[in-house]
Amino acid sequence: MRNSLMLSSAAALMTSAAGAQDYTGNVDPSAYSLPTVMHSAIDARAKTRKQKVSPKAAAVCADLPKTRARLGAADPRVREIDRRCRQAGLVR
């Protein structure tokens, strides 16, 4: 009696463990690779952080080459305008 109880318990535990291994179904390991996960996170964050660009900011970014020629590329104001225009996606 005791042996049959032990065998039935062991059989139940073994089948539940075997079934739990494939519980999630087929999973492609490359779907969880670091570059894939990071690109997904970056894309999701970029979608939530989109900001509307004012017409004034667009005009300032459009005039950036003229401002750069007038003040010089090393001027801190030009560098700041360039950084903000790149951040807004108006200059590449």
# chains A, B, ... in the order shown; residues from 1 in each chain; ligands from 1

call {"tool": "residues_around", "arguments": {"residues": "Pro65 in chain A", "least_positions_apart": "6", "cutoff": "10 Å", "atoms": "only C-alpha atoms", "output": "list in words"}}
result
Gly72, Ala73, Val78 and Asp82 of chain A

call {"tool": "write_last_selection", "arguments": {"atoms": "N, CA, C and O atoms", "output": "PDB file, in the first residue's frame"}}
result
ATOM      1  N   GLY A  72      28.812  81.844 -35.813  1.00  0.00           N
ATOM      2  CA  GLY A  72      29.905  80.872 -35.782  1.00  0.00           C
ATOM      3  C   GLY A  72      29.433  79.580 -35.142  1.00  0.00           C
ATOM      4  O   GLY A  72      28.604  79.582 -34.226  1.00  0.00           O
ATOM      5  N   ALA A  73      29.982  78.485 -35.607  1.00  0.00           N
ATOM      6  CA  ALA A  73      29.545  77.171 -35.140  1.00  0.00           C
ATOM      7  C   ALA A  73      29.936  76.904 -33.688  1.00  0.00           C
ATOM      8  O   ALA A  73      29.292  76.096 -33.013  1.00  0.00           O
ATOM      9  N   VAL A  78      24.498  78.829 -30.559  1.00  0.00           N
ATOM     10  CA  VAL A  78      24.276  78.020 -31.756  1.00  0.00           C
ATOM     11  C   VAL A  78      24.295  76.537 -31.401  1.00  0.00           C
ATOM     12  O   VAL A  78      23.465  75.769 -31.895  1.00  0.00           O
ATOM     13  N   ASP A  82      21.208  74.040 -31.931  1.00  0.00           N
ATOM     14  CA  ASP A  82      21.426  72.822 -32.709  1.00  0.00           C
ATOM     15  C   ASP A  82      21.024  71.578 -31.913  1.00  0.00           C
ATOM     16  O   ASP A  82      20.349  70.690 -32.425  1.00  0.00           O
TER      17      ASP A  82
END

call {"tool": "residues_around", "arguments": {"residues": "Arg84 in chain A", "least_positions_apart": "5", "cutoff": "12 Å", "atoms": "only C-alpha atoms", "output": "ChimeraX atom specification"}}
result
/A:53,57-58,60-61,64,77-79,89-92

call {"tool": "closest_residue", "arguments": {"among": "A:Ser40, A:Arg86, A:Pro76, A:Asn26", "to": "Ala62 in chain A", "atoms": "only C-alpha atoms"}}
result
A:Arg86
